[in-house]
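Trainee: Pasting final32.cif here (mmCIF, C-alpha atoms and all ligand atoms):
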```cif
data_query
loop_
_atom_site.group_PDB
_atom_site.id
_atom_site.type_symbol
_atom_site.label_atom_id
_atom_site.label_comp_id
_atom_site.auth_asym_id
_atom_site.auth_seq_id
_atom_site.Cartn_x
_atom_site.Cartn_y
_atom_site.Cartn_z
ATOM 1 C CA MET A 1473 -17.368 -3.485 -22.442
ATOM 2 C CA ASN A 1474 -20.636 -1.669 -22.797
ATOM 3 C CA HIS A 1475 -21.529 1.643 -21.168
ATOM 4 C CA ILE A 1476 -19.388 1.170 -18.072
ATOM 5 C CA TYR A 1477 -19.965 3.753 -15.353
ATOM 6 C CA LYS A 1478 -18.359 3.751 -11.919
ATOM 7 C CA ARG A 1479 -19.074 6.050 -9.009
ATOM 8 C CA TYR A 1480 -17.292 6.064 -5.668
ATOM 9 C CA ALA A 1481 -18.186 7.995 -2.551
ATOM 10 C CA ASN A 1482 -15.679 10.755 -1.711
ATOM 11 C CA LYS A 1483 -14.617 11.671 1.822
ATOM 12 C CA ASP A 1484 -17.815 13.736 2.284
ATOM 13 C CA LYS A 1485 -19.802 10.637 1.271
ATOM 14 C CA GLN A 1486 -20.839 12.323 -1.992
ATOM 15 C CA PRO A 1487 -20.833 10.168 -5.142
ATOM 16 C CA VAL A 1488 -18.045 11.004 -7.577
ATOM 17 C CA GLU A 1489 -18.087 9.716 -11.114
ATOM 18 C CA ILE A 1490 -14.796 7.921 -11.829
ATOM 19 C CA LEU A 1491 -15.669 6.242 -15.137
ATOM 20 C CA HIS A 1492 -18.122 7.683 -17.617
ATOM 21 C CA ASP A 1493 -19.660 5.591 -20.386
ATOM 22 C CA ILE A 1494 -16.686 3.410 -21.334
ATOM 23 C CA ASN A 1495 -17.310 1.361 -24.473
ATOM 24 C CA LEU A 1496 -14.629 -0.863 -25.886
ATOM 25 C CA THR A 1497 -14.552 -3.959 -28.054
ATOM 26 C CA ILE A 1498 -11.331 -5.930 -28.049
ATOM 27 C CA GLU A 1499 -10.511 -8.482 -30.691
ATOM 28 C CA LYS A 1500 -9.087 -11.818 -29.659
ATOM 29 C CA GLY A 1501 -5.296 -11.837 -29.626
ATOM 30 C CA GLN A 1502 -4.913 -8.051 -29.562
ATOM 31 C CA PHE A 1503 -2.441 -6.239 -27.347
ATOM 32 C CA ILE A 1504 -4.233 -3.186 -26.028
ATOM 33 C CA SER A 1505 -2.875 -0.528 -23.723
ATOM 34 C CA ILE A 1506 -4.973 1.724 -21.594
ATOM 35 C CA LEU A 1507 -3.029 4.926 -21.185
ATOM 36 C CA GLY A 1508 -3.939 7.929 -19.073
ATOM 37 C CA PRO A 1509 -2.845 10.263 -16.305
ATOM 38 C CA SER A 1510 -2.649 8.977 -12.768
ATOM 39 C CA GLY A 1511 -6.075 8.805 -11.137
ATOM 40 C CA CYS A 1512 -8.116 8.728 -14.378
ATOM 41 C CA GLY A 1513 -9.593 5.333 -13.523
ATOM 42 C CA LYS A 1514 -7.382 2.892 -15.463
ATOM 43 C CA SER A 1515 -6.941 0.465 -12.559
ATOM 44 C CA THR A 1516 -10.614 0.724 -11.665
ATOM 45 C CA LEU A 1517 -11.536 -0.199 -15.232
ATOM 46 C CA LEU A 1518 -9.132 -3.149 -15.273
ATOM 47 C CA SER A 1519 -10.438 -4.292 -11.904
ATOM 48 C CA ILE A 1520 -14.000 -4.212 -13.279
ATOM 49 C CA VAL A 1521 -12.885 -6.368 -16.242
ATOM 50 C CA ALA A 1522 -11.174 -8.715 -13.757
ATOM 51 C CA GLY A 1523 -14.435 -9.005 -11.813
ATOM 52 C CA LEU A 1524 -12.784 -7.674 -8.641
ATOM 53 C CA THR A 1525 -14.757 -4.400 -8.664
ATOM 54 C CA GLU A 1526 -18.401 -3.994 -9.557
ATOM 55 C CA ALA A 1527 -19.379 -1.351 -12.092
ATOM 56 C CA THR A 1528 -22.151 1.048 -11.034
ATOM 57 C CA SER A 1529 -23.761 0.243 -14.381
ATOM 58 C CA GLY A 1530 -22.850 -1.312 -17.692
ATOM 59 C CA GLU A 1531 -21.596 -4.750 -18.618
ATOM 60 C CA ILE A 1532 -18.405 -6.604 -19.464
ATOM 61 C CA LEU A 1533 -18.682 -9.534 -21.835
ATOM 62 C CA VAL A 1534 -15.926 -12.066 -22.500
ATOM 63 C CA GLU A 1535 -16.888 -14.067 -25.569
ATOM 64 C CA GLY A 1536 -20.538 -13.341 -24.867
ATOM 65 C CA ARG A 1537 -20.370 -14.329 -21.185
ATOM 66 C CA GLN A 1538 -21.108 -11.609 -18.655
ATOM 67 C CA VAL A 1539 -18.388 -10.956 -16.069
ATOM 68 C CA THR A 1540 -19.690 -10.945 -12.499
ATOM 69 C CA LYS A 1541 -16.658 -12.232 -10.611
ATOM 70 C CA PRO A 1542 -13.024 -13.245 -11.217
ATOM 71 C CA GLY A 1543 -12.636 -16.259 -13.469
ATOM 72 C CA LYS A 1544 -10.079 -18.579 -15.026
ATOM 73 C CA ASP A 1545 -10.588 -16.889 -18.384
ATOM 74 C CA ARG A 1546 -8.873 -13.737 -17.051
ATOM 75 C CA GLY A 1547 -5.375 -13.800 -15.544
ATOM 76 C CA MET A 1548 -4.165 -10.789 -13.592
ATOM 77 C CA VAL A 1549 -0.679 -9.325 -13.079
ATOM 78 C CA PHE A 1550 -0.278 -6.365 -10.702
ATOM 79 C CA GLN A 1551 2.517 -3.842 -10.154
ATOM 80 C CA GLN A 1552 3.726 -5.895 -7.196
ATOM 81 C CA ALA A 1553 4.249 -9.587 -7.892
ATOM 82 C CA ALA A 1554 2.491 -10.627 -4.624
ATOM 83 C CA LEU A 1555 4.261 -14.006 -4.406
ATOM 84 C CA PHE A 1556 4.028 -16.217 -1.330
ATOM 85 C CA PRO A 1557 7.388 -15.731 0.421
ATOM 86 C CA TRP A 1558 7.324 -19.208 1.987
ATOM 87 C CA LEU A 1559 6.881 -20.987 -1.364
ATOM 88 C CA ASN A 1560 9.617 -21.390 -3.943
ATOM 89 C CA VAL A 1561 9.241 -20.189 -7.528
ATOM 90 C CA THR A 1562 7.731 -23.429 -8.868
ATOM 91 C CA GLU A 1563 5.369 -23.777 -5.899
ATOM 92 C CA ASN A 1564 4.194 -20.188 -6.400
ATOM 93 C CA VAL A 1565 3.285 -20.870 -10.032
ATOM 94 C CA MET A 1566 1.726 -24.230 -9.103
ATOM 95 C CA PHE A 1567 -0.412 -22.730 -6.338
ATOM 96 C CA PRO A 1568 -3.489 -21.722 -8.380
ATOM 97 C CA LEU A 1569 -3.133 -24.830 -10.582
ATOM 98 C CA LYS A 1570 -3.533 -27.303 -7.746
ATOM 99 C CA LYS A 1571 -7.334 -27.070 -7.795
ATOM 100 C CA GLU A 1572 -7.369 -27.731 -11.529
ATOM 101 C CA MET A 1573 -5.025 -30.700 -11.974
ATOM 102 C CA SER A 1574 -2.847 -33.271 -10.240
ATOM 103 C CA LYS A 1575 0.353 -32.166 -8.494
ATOM 104 C CA THR A 1576 2.529 -33.776 -11.167
ATOM 105 C CA GLU A 1577 0.630 -32.069 -13.979
ATOM 106 C CA ALA A 1578 0.759 -28.749 -12.133
ATOM 107 C CA GLU A 1579 4.521 -29.052 -11.775
ATOM 108 C CA VAL A 1580 4.982 -29.788 -15.486
ATOM 109 C CA GLN A 1581 2.770 -26.828 -16.378
ATOM 110 C CA ALA A 1582 4.589 -24.514 -13.937
ATOM 111 C CA LYS A 1583 7.999 -25.476 -15.318
ATOM 112 C CA LYS A 1584 6.807 -24.948 -18.898
ATOM 113 C CA PHE A 1585 5.786 -21.363 -18.172
ATOM 114 C CA LEU A 1586 8.850 -20.672 -16.049
ATOM 115 C CA GLN A 1587 10.888 -21.690 -19.071
ATOM 116 C CA MET A 1588 8.849 -19.269 -21.176
ATOM 117 C CA VAL A 1589 9.772 -16.374 -18.851
ATOM 118 C CA GLN A 1590 13.374 -17.640 -18.839
ATOM 119 C CA LEU A 1591 13.502 -18.640 -15.191
ATOM 120 C CA SER A 1592 14.343 -22.321 -15.604
ATOM 121 C CA LYS A 1593 17.489 -21.881 -13.534
ATOM 122 C CA TYR A 1594 15.551 -20.403 -10.621
ATOM 123 C CA VAL A 1595 12.747 -22.923 -10.128
ATOM 124 C CA THR A 1596 13.814 -23.776 -6.572
ATOM 125 C CA HIS A 1597 14.678 -20.226 -5.514
ATOM 126 C CA TYR A 1598 12.516 -18.283 -3.064
ATOM 127 C CA PRO A 1599 11.027 -14.862 -3.916
ATOM 128 C CA HIS A 1600 13.453 -12.943 -1.667
ATOM 129 C CA GLU A 1601 16.355 -14.394 -3.677
ATOM 130 C CA LEU A 1602 15.049 -12.817 -6.899
ATOM 131 C CA SER A 1603 15.236 -9.280 -8.310
ATOM 132 C CA GLY A 1604 12.029 -7.268 -8.806
ATOM 133 C CA GLY A 1605 12.044 -8.024 -12.536
ATOM 134 C CA MET A 1606 12.415 -11.765 -11.910
ATOM 135 C CA GLN A 1607 9.566 -11.680 -9.394
ATOM 136 C CA GLN A 1608 7.353 -10.053 -12.012
ATOM 137 C CA ARG A 1609 8.306 -12.793 -14.468
ATOM 138 C CA VAL A 1610 7.173 -15.390 -11.902
ATOM 139 C CA ALA A 1611 3.868 -13.492 -11.587
ATOM 140 C CA ILE A 1612 3.485 -13.533 -15.392
ATOM 141 C CA ALA A 1613 4.235 -17.283 -15.485
ATOM 142 C CA ARG A 1614 1.677 -17.841 -12.693
ATOM 143 C CA ALA A 1615 -1.019 -15.938 -14.603
ATOM 144 C CA LEU A 1616 -0.236 -17.685 -17.916
ATOM 145 C CA ALA A 1617 -0.106 -21.163 -16.391
ATOM 146 C CA MET A 1618 -3.869 -20.991 -15.784
ATOM 147 C CA ASN A 1619 -4.244 -20.643 -19.557
ATOM 148 C CA PRO A 1620 -6.511 -17.586 -19.432
ATOM 149 C CA GLU A 1621 -7.984 -16.120 -22.617
ATOM 150 C CA ILE A 1622 -7.090 -12.634 -21.474
ATOM 151 C CA LEU A 1623 -4.118 -11.371 -19.532
ATOM 152 C CA LEU A 1624 -4.916 -8.235 -17.515
ATOM 153 C CA MET A 1625 -1.793 -6.320 -16.558
ATOM 154 C CA ASP A 1626 -1.925 -3.318 -14.206
ATOM 155 C CA GLU A 1627 1.304 -1.326 -14.583
ATOM 156 C CA PRO A 1628 3.244 -4.595 -14.264
ATOM 157 C CA PHE A 1629 6.624 -2.949 -14.857
ATOM 158 C CA GLY A 1630 5.862 0.318 -13.064
ATOM 159 C CA ALA A 1631 8.136 -0.398 -10.111
ATOM 160 C CA LEU A 1632 11.132 -1.537 -12.182
ATOM 161 C CA ASP A 1633 14.167 0.365 -13.442
ATOM 162 C CA GLU A 1634 14.359 1.443 -17.069
ATOM 163 C CA GLN A 1635 16.732 -1.297 -18.265
ATOM 164 C CA THR A 1636 14.792 -4.118 -16.609
ATOM 165 C CA ARG A 1637 11.605 -2.644 -18.072
ATOM 166 C CA SER A 1638 13.075 -2.687 -21.591
ATOM 167 C CA ARG A 1639 14.181 -6.297 -21.210
ATOM 168 C CA LEU A 1640 10.745 -7.310 -19.971
ATOM 169 C CA HIS A 1641 9.082 -5.492 -22.878
ATOM 170 C CA VAL A 1642 11.045 -7.697 -25.274
ATOM 171 C CA GLN A 1643 10.145 -10.831 -23.302
ATOM 172 C CA LEU A 1644 6.472 -9.948 -22.969
ATOM 173 C CA GLU A 1645 6.182 -9.224 -26.682
ATOM 174 C CA LYS A 1646 7.741 -12.611 -27.419
ATOM 175 C CA ILE A 1647 5.390 -14.391 -24.994
ATOM 176 C CA TRP A 1648 2.395 -12.593 -26.481
ATOM 177 C CA ILE A 1649 3.351 -13.692 -30.009
ATOM 178 C CA GLU A 1650 4.008 -17.250 -28.803
ATOM 179 C CA THR A 1651 0.814 -17.671 -26.765
ATOM 180 C CA GLN A 1652 -1.491 -15.442 -28.867
ATOM 181 C CA LYS A 1653 -3.216 -14.221 -25.722
ATOM 182 C CA THR A 1654 -5.334 -11.103 -25.613
ATOM 183 C CA ILE A 1655 -3.532 -8.593 -23.394
ATOM 184 C CA LEU A 1656 -5.083 -5.585 -21.710
ATOM 185 C CA PHE A 1657 -2.225 -3.537 -20.331
ATOM 186 C CA VAL A 1658 -2.583 -0.484 -18.073
ATOM 187 C CA THR A 1659 0.207 2.067 -18.101
ATOM 188 C CA HIS A 1660 0.843 5.782 -17.741
ATOM 189 C CA SER A 1661 3.924 5.565 -19.979
ATOM 190 C CA ILE A 1662 3.329 6.625 -23.582
ATOM 191 C CA SER A 1663 6.546 4.985 -24.809
ATOM 192 C CA GLU A 1664 5.678 1.686 -23.097
ATOM 193 C CA SER A 1665 2.226 1.659 -24.700
ATOM 194 C CA LEU A 1666 3.671 2.442 -28.149
ATOM 195 C CA LYS A 1667 6.374 -0.182 -27.864
ATOM 196 C CA LEU A 1668 3.930 -2.980 -27.091
ATOM 197 C CA SER A 1669 0.432 -2.360 -28.358
ATOM 198 C CA ASP A 1670 -1.699 -2.898 -31.431
ATOM 199 C CA ARG A 1671 -4.044 -0.261 -30.061
ATOM 200 C CA VAL A 1672 -3.633 2.483 -27.496
ATOM 201 C CA ILE A 1673 -6.732 3.655 -25.668
ATOM 202 C CA VAL A 1674 -6.069 7.153 -24.343
ATOM 203 C CA MET A 1675 -8.166 8.059 -21.313
ATOM 204 C CA GLY A 1676 -9.096 11.489 -20.052
ATOM 205 C CA THR A 1677 -9.814 12.212 -16.424
ATOM 206 C CA LYS A 1678 -12.477 13.543 -14.060
ATOM 207 C CA PRO A 1679 -14.428 11.561 -15.041
ATOM 208 C CA GLY A 1680 -12.479 8.833 -16.841
ATOM 209 C CA THR A 1681 -13.550 8.676 -20.484
ATOM 210 C CA ILE A 1682 -12.014 7.319 -23.649
ATOM 211 C CA LEU A 1683 -10.483 10.231 -25.568
ATOM 212 C CA GLN A 1684 -8.750 8.363 -28.364
ATOM 213 C CA ASP A 1685 -8.511 4.849 -29.751
ATOM 214 C CA ILE A 1686 -5.300 4.729 -31.788
ATOM 215 C CA LYS A 1687 -4.216 1.839 -33.976
ATOM 216 C CA ILE A 1688 -0.442 1.360 -33.955
ATOM 217 C CA ASP A 1689 0.670 -0.179 -37.230
ATOM 218 C CA ILE A 1690 4.437 0.150 -36.769
ATOM 219 C CA PRO A 1691 6.230 -3.172 -37.468
ATOM 220 C CA ARG A 1692 7.666 -5.109 -34.503
ATOM 221 C CA PRO A 1693 10.079 -5.192 -32.786
ATOM 222 C CA ARG A 1694 9.732 -1.448 -32.439
ATOM 223 C CA ASP A 1695 12.481 1.031 -31.885
ATOM 224 C CA GLN A 1696 11.383 3.834 -29.563
ATOM 225 C CA TYR A 1697 13.803 6.246 -31.237
ATOM 226 C CA LYS A 1698 12.245 5.923 -34.709
ATOM 227 C CA LYS A 1699 10.643 9.050 -36.183
ATOM 228 C CA GLU A 1700 7.188 7.469 -36.546
ATOM 229 C CA MET A 1701 7.208 6.551 -32.835
ATOM 230 C CA PHE A 1702 8.017 10.170 -31.917
ATOM 231 C CA GLU A 1703 5.203 11.412 -34.124
ATOM 232 C CA ILE A 1704 2.534 9.288 -32.431
ATOM 233 C CA GLU A 1705 4.046 10.082 -29.030
ATOM 234 C CA GLU A 1706 3.661 13.801 -29.704
ATOM 235 C CA TYR A 1707 0.121 13.300 -30.926
ATOM 236 C CA ILE A 1708 -0.851 11.417 -27.746
ATOM 237 C CA MET A 1709 1.029 13.908 -25.569
ATOM 238 C CA SER A 1710 -1.095 16.737 -26.972
ATOM 239 C CA PHE A 1711 -4.208 15.029 -25.545
ATOM 240 C CA LEU A 1712 -2.651 14.003 -22.260
ATOM 241 C CA LYS A 1713 -1.189 17.433 -21.602
ATOM 242 C CA LYS A 1714 -4.676 18.960 -21.625
ATOM 243 C CA GLU A 1715 -5.833 16.331 -19.130
ATOM 244 C CA ILE A 1716 -2.865 16.849 -16.830
ATOM 245 C CA ASP A 1717 -3.391 20.637 -16.976
ATOM 246 C CA LYS A 1718 -7.047 20.062 -16.047
ATOM 247 C CA VAL A 1719 -6.054 18.034 -12.963
ATOM 248 C CA VAL A 1720 -3.469 20.600 -11.854
ATOM 249 C CA ARG A 1721 -5.972 23.443 -12.317
ATOM 250 C CA GLU A 1722 -8.672 21.643 -10.295
ATOM 251 C CA GLU A 1723 -6.201 20.824 -7.531
ATOM 252 C CA LEU A 1724 -5.166 24.479 -7.324
ATOM 253 C CA GLU A 1725 -8.827 25.552 -7.190
ATOM 254 C CA ASP A 1726 -9.464 22.985 -4.438
ATOM 255 C CA GLU A 1727 -6.512 24.328 -2.452
ATOM 256 C CA ALA A 1728 -7.749 27.911 -2.888
ATOM 257 C CA GLY A 1729 -11.302 26.964 -1.855
ATOM 258 C CA ARG A 1730 -10.209 25.311 1.382
HETATM 259 P P1 LIG B 1801 -5.462 5.146 -12.145
HETATM 260 O O1 LIG B 1801 -5.275 3.680 -12.219
HETATM 261 O O2 LIG B 1801 -5.774 5.756 -13.484
HETATM 262 O O3 LIG B 1801 -4.331 5.864 -11.467
HETATM 263 P P2 LIG B 1801 -7.573 4.530 -10.247
HETATM 264 O O4 LIG B 1801 -8.505 3.656 -10.996
HETATM 265 O O5 LIG B 1801 -6.609 3.881 -9.306
HETATM 266 O O6 LIG B 1801 -6.772 5.457 -11.282
HETATM 267 O O7 LIG B 1801 -8.403 5.590 -9.426
HETATM 268 C C1 LIG B 1801 -9.340 6.480 -10.055
HETATM 269 C C2 LIG B 1801 -10.007 7.343 -9.007
HETATM 270 O O8 LIG B 1801 -10.867 6.531 -8.221
HETATM 271 C C3 LIG B 1801 -9.036 8.018 -8.059
HETATM 272 O O9 LIG B 1801 -9.482 9.331 -7.828
HETATM 273 C C4 LIG B 1801 -9.150 7.188 -6.799
HETATM 274 O O10 LIG B 1801 -8.914 7.986 -5.675
HETATM 275 C C5 LIG B 1801 -10.597 6.726 -6.846
HETATM 276 N N1 LIG B 1801 -10.770 5.422 -6.186
HETATM 277 C C6 LIG B 1801 -10.192 4.248 -6.554
HETATM 278 N N2 LIG B 1801 -10.581 3.244 -5.738
HETATM 279 C C7 LIG B 1801 -11.438 3.795 -4.840
HETATM 280 C C8 LIG B 1801 -12.206 3.280 -3.736
HETATM 281 N N3 LIG B 1801 -12.159 1.977 -3.398
HETATM 282 N N4 LIG B 1801 -12.974 4.145 -3.034
HETATM 283 C C9 LIG B 1801 -13.043 5.462 -3.375
HETATM 284 N N5 LIG B 1801 -12.358 6.020 -4.405
HETATM 285 C C10 LIG B 1801 -11.566 5.197 -5.123
#
```
Can you turn what I pasted into structure tokens?
Ligand code: ADP
Mentor:
Amino acid sequence: MNHIYKRYANKDKQPVEILHDINLTIEKGQFISILGPSGCGKSTLLSIVAGLTEATSGEILVEGRQVTKPGKDRGMVFQQAALFPWLNVTENVMFPLKKEMSKTEAEVQAKKFLQMVQLSKYVTHYPHELSGGMQQRVAIARALAMNPEILLMDEPFGALDEQTRSRLHVQLEKIWIETQKTILFVTHSISESLKLSDRVIVMGTKPGTILQDIKIDIPRPRDQYKKEMFEIEEYIMSFLKKEIDKVVREELEDEAGR
């Protein structure tokens, strides 16, 4: 991404800069987390990469091709699985495939990816019969089944409990190694970003900028209680704390000015 800027109009119809000059080059096959305080523009940035939101200026290139709209080369997973409640698990994964291939092929492909997310026993279940973590696994299978080059994940485990999250971290890491996809993963959890990523991009807020680009060399699978994990966590926390303090201070000033 080159020189990405995004402005939105606030409630007084004044333009507010949300993203300021974001530049990032991602190597194929990397697992990259975008980490930052709530409201710093992480989701907006991911949505621009997805082609769902237009940048005010700047460009996104995927293997030299400019992104102007959503495409098959980028699969998206959101915080909520957004499955069709009237379709079973296999049909949900098959849904976007139907335009691309025959029904039989789509079914084979869907089952292959459902096996990868360890849901082979649930292929005929309906979304309401599954836990939140299982629903997210269906969403991951659905995104992967399209064989995108890049998987864009917007706080995909944000709504899940800690234990389910940990289990899904292990599974996602395994899937990433197996499929060798490039993953761009948005989170506000430092430990989640350290557990999973090759690189952590730390964003500051108001406007959203890249503060730090940190390479994480710790061997996998990673243990969050290891000393080296704590050390990087503290280092990142020192940057984020300043950003969070800035937000709190501005909110207090806003309150006082009202
Ligand atoms: P994050 O994902 O880091 O929590 P977001 O990208 O969701 O942050 O939002 C960044 C800022 O942009 C927030 O202040 C939010 O209110 C604002 N914003 C997001 N979408 C819109 C929109 N469609 N219109 C106006 N402001 C928006």
Trainee: Can you measure CA of Tyr1477 in chain A to CA of Leu1491 in chain A for me? One decimal in Å is fine.
Mentor: 5.0 Å
Trainee: Quick one: of A:Ser1519, A:Ser1510, A:Asn1495, A:Thr1596, who's nearest to Gly1676 in chain A, counting all atoms listed in the file?
Mentor: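 For Gly1676 in chain A, the nearest of the given residues is A:Ser1510.
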Trainee: For the provided coordinates, the residues matched by the PyMOL selection byres (((chain A and resi 1504-1507) around 10) and not hetatm) should be stated as a PDB file with C-alpha atoms, in the frame of the given file.
Mentor:
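Output contents, as saved in part37.pdb:
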```pdb
ATOM      1  CA  ILE A1498     -11.331  -5.930 -28.049  1.00  0.00           C
ATOM      2  CA  GLU A1499     -10.511  -8.482 -30.691  1.00  0.00           C
ATOM      3  CA  GLY A1501      -5.296 -11.837 -29.626  1.00  0.00           C
ATOM      4  CA  GLN A1502      -4.913  -8.051 -29.562  1.00  0.00           C
ATOM      5  CA  PHE A1503      -2.441  -6.239 -27.347  1.00  0.00           C
ATOM      6  CA  GLY A1508      -3.939   7.929 -19.073  1.00  0.00           C
ATOM      7  CA  PRO A1509      -2.845  10.263 -16.305  1.00  0.00           C
ATOM      8  CA  SER A1510      -2.649   8.977 -12.768  1.00  0.00           C
ATOM      9  CA  CYS A1512      -8.116   8.728 -14.378  1.00  0.00           C
ATOM     10  CA  GLY A1513      -9.593   5.333 -13.523  1.00  0.00           C
ATOM     11  CA  LYS A1514      -7.382   2.892 -15.463  1.00  0.00           C
ATOM     12  CA  SER A1515      -6.941   0.465 -12.559  1.00  0.00           C
ATOM     13  CA  LEU A1517     -11.536  -0.199 -15.232  1.00  0.00           C
ATOM     14  CA  LEU A1518      -9.132  -3.149 -15.273  1.00  0.00           C
ATOM     15  CA  LEU A1624      -4.916  -8.235 -17.515  1.00  0.00           C
ATOM     16  CA  MET A1625      -1.793  -6.320 -16.558  1.00  0.00           C
ATOM     17  CA  ASP A1626      -1.925  -3.318 -14.206  1.00  0.00           C
ATOM     18  CA  GLU A1627       1.304  -1.326 -14.583  1.00  0.00           C
ATOM     19  CA  THR A1654      -5.334 -11.103 -25.613  1.00  0.00           C
ATOM     20  CA  ILE A1655      -3.532  -8.593 -23.394  1.00  0.00           C
ATOM     21  CA  LEU A1656      -5.083  -5.585 -21.710  1.00  0.00           C
ATOM     22  CA  PHE A1657      -2.225  -3.537 -20.331  1.00  0.00           C
ATOM     23  CA  VAL A1658      -2.583  -0.484 -18.073  1.00  0.00           C
ATOM     24  CA  THR A1659       0.207   2.067 -18.101  1.00  0.00           C
ATOM     25  CA  HIS A1660       0.843   5.782 -17.741  1.00  0.00           C
ATOM     26  CA  SER A1661       3.924   5.565 -19.979  1.00  0.00           C
ATOM     27  CA  ILE A1662       3.329   6.625 -23.582  1.00  0.00           C
ATOM     28  CA  GLU A1664       5.678   1.686 -23.097  1.00  0.00           C
ATOM     29  CA  SER A1665       2.226   1.659 -24.700  1.00  0.00           C
ATOM     30  CA  LEU A1666       3.671   2.442 -28.149  1.00  0.00           C
ATOM     31  CA  LEU A1668       3.930  -2.980 -27.091  1.00  0.00           C
ATOM     32  CA  SER A1669       0.432  -2.360 -28.358  1.00  0.00           C
ATOM     33  CA  ASP A1670      -1.699  -2.898 -31.431  1.00  0.00           C
ATOM     34  CA  ARG A1671      -4.044  -0.261 -30.061  1.00  0.00           C
ATOM     35  CA  VAL A1672      -3.633   2.483 -27.496  1.00  0.00           C
ATOM     36  CA  ILE A1673      -6.732   3.655 -25.668  1.00  0.00           C
ATOM     37  CA  VAL A1674      -6.069   7.153 -24.343  1.00  0.00           C
ATOM     38  CA  MET A1675      -8.166   8.059 -21.313  1.00  0.00           C
ATOM     39  CA  GLY A1676      -9.096  11.489 -20.052  1.00  0.00           C
ATOM     40  CA  ILE A1682     -12.014   7.319 -23.649  1.00  0.00           C
ATOM     41  CA  GLN A1684      -8.750   8.363 -28.364  1.00  0.00           C
ATOM     42  CA  ASP A1685      -8.511   4.849 -29.751  1.00  0.00           C
ATOM     43  CA  ILE A1686      -5.300   4.729 -31.788  1.00  0.00           C
ATOM     44  CA  LYS A1687      -4.216   1.839 -33.976  1.00  0.00           C
ATOM     45  CA  ILE A1688      -0.442   1.360 -33.955  1.00  0.00           C
ATOM     46  CA  ILE A1708      -0.851  11.417 -27.746  1.00  0.00           C
ATOM     47  CA  LEU A1712      -2.651  14.003 -22.260  1.00  0.00           C
TER      48      LEU A1712
END
```
Trainee: Please evaluate the PyMOL selection byres (((chain A and resi 1569) around 9) and not hetatm) against the displayed coordinates and give the resulting residues as a list in words.
Mentor: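 After applying the PyMOL selection byres (((chain A and resi 1569) around 9) and not hetatm), what remains is Val1565, Met1566, Phe1567, Pro1568, Lys1570, Lys1571, Glu1572, Met1573, Ser1574, Lys1575, Glu1577, Ala1578, Glu1579, Gln1581, Ala1582, Arg1614, Ala1617 and Met1618 of chain A.
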Trainee: For ligand LIG 1801 (chain B), which of A:Gln1552, A:Thr1497, A:Thr1681, A:Gln1607 is the closest residue, counting all atoms listed in the file?
Mentor: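 Once distances to ligand LIG 1801 (chain B) are computed over all atoms listed in the file, the minimum belongs to A:Thr1681.
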Trainee: Name the residues captured by the PyMOL selection byres (((chain A and resi 1642) around 12) and not hetatm) when it is applied to the shown file; answer as a ChimeraX atom specification.
Mentor: /A:1589,1635-1641,1643-1649,1664,1667-1668,1692-1695
Trainee: Restricting the calculation to all atoms listed in the file: of A:Glu1723, A:Glu1531, A:Glu1489, A:Glu1650, which residue gets closest to ligand LIG 1801 (chain B)?
Mentor: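 Closest to ligand LIG 1801 (chain B) of all the choices is A:Glu1489.
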Trainee: Any idea what's packed within 12 Å of Leu1559 in chain A, counting only C-alpha atoms, ignoring anything in its chain fewer than 2 positions away? Could you give it as a PyMOL selection string?
Mentor: chain A and resi 1554-1557+1561-1567+1595-1601+1610
Trainee: What lies within 6 Å of Gly1523 in chain A using only C-alpha atoms, ignoring chain neighbours under 2 positions off, as a list in words?
Mentor: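 What passes the distance filter is Ile1520, Val1521, Thr1525, Thr1540, Lys1541 and Pro1542 of chain A.
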Trainee: What does the distance from CA of Arg1546 in chain A to CA of Leu1616 in chain A come to in Å, to one decimal?
Mentor: 9.5 Å
Trainee: Write out as a ChimeraX atom specification the residues lying within 10 Å of Glu1535 in chain A, counting only C-alpha atoms and excluding same-chain residues fewer than 5 positions away.
Mentor: /A:1499-1500,1545,1621
Trainee: Any idea what the distance is between CA of Gly1530 in chain A and CA of Gly1511 in chain A?
Mentor: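 That distance, rounded to one decimal, is 20.7 Å.
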Trainee: Counting only C-alpha atoms and all ligand atoms, which of A:Pro1679, A:Lys1584, A:Phe1702, A:Gly1630 gets nearest to ligand LIG 1801 (chain B)?
Mentor: A:Pro1679
Trainee: Which residue gives the smallest distance to ligand LIG 1801 (chain B) among A:Leu1591, A:Ala1615, A:Leu1496, A:Ile1716, with all atoms listed in the file counted?
Mentor: A:Ile1716
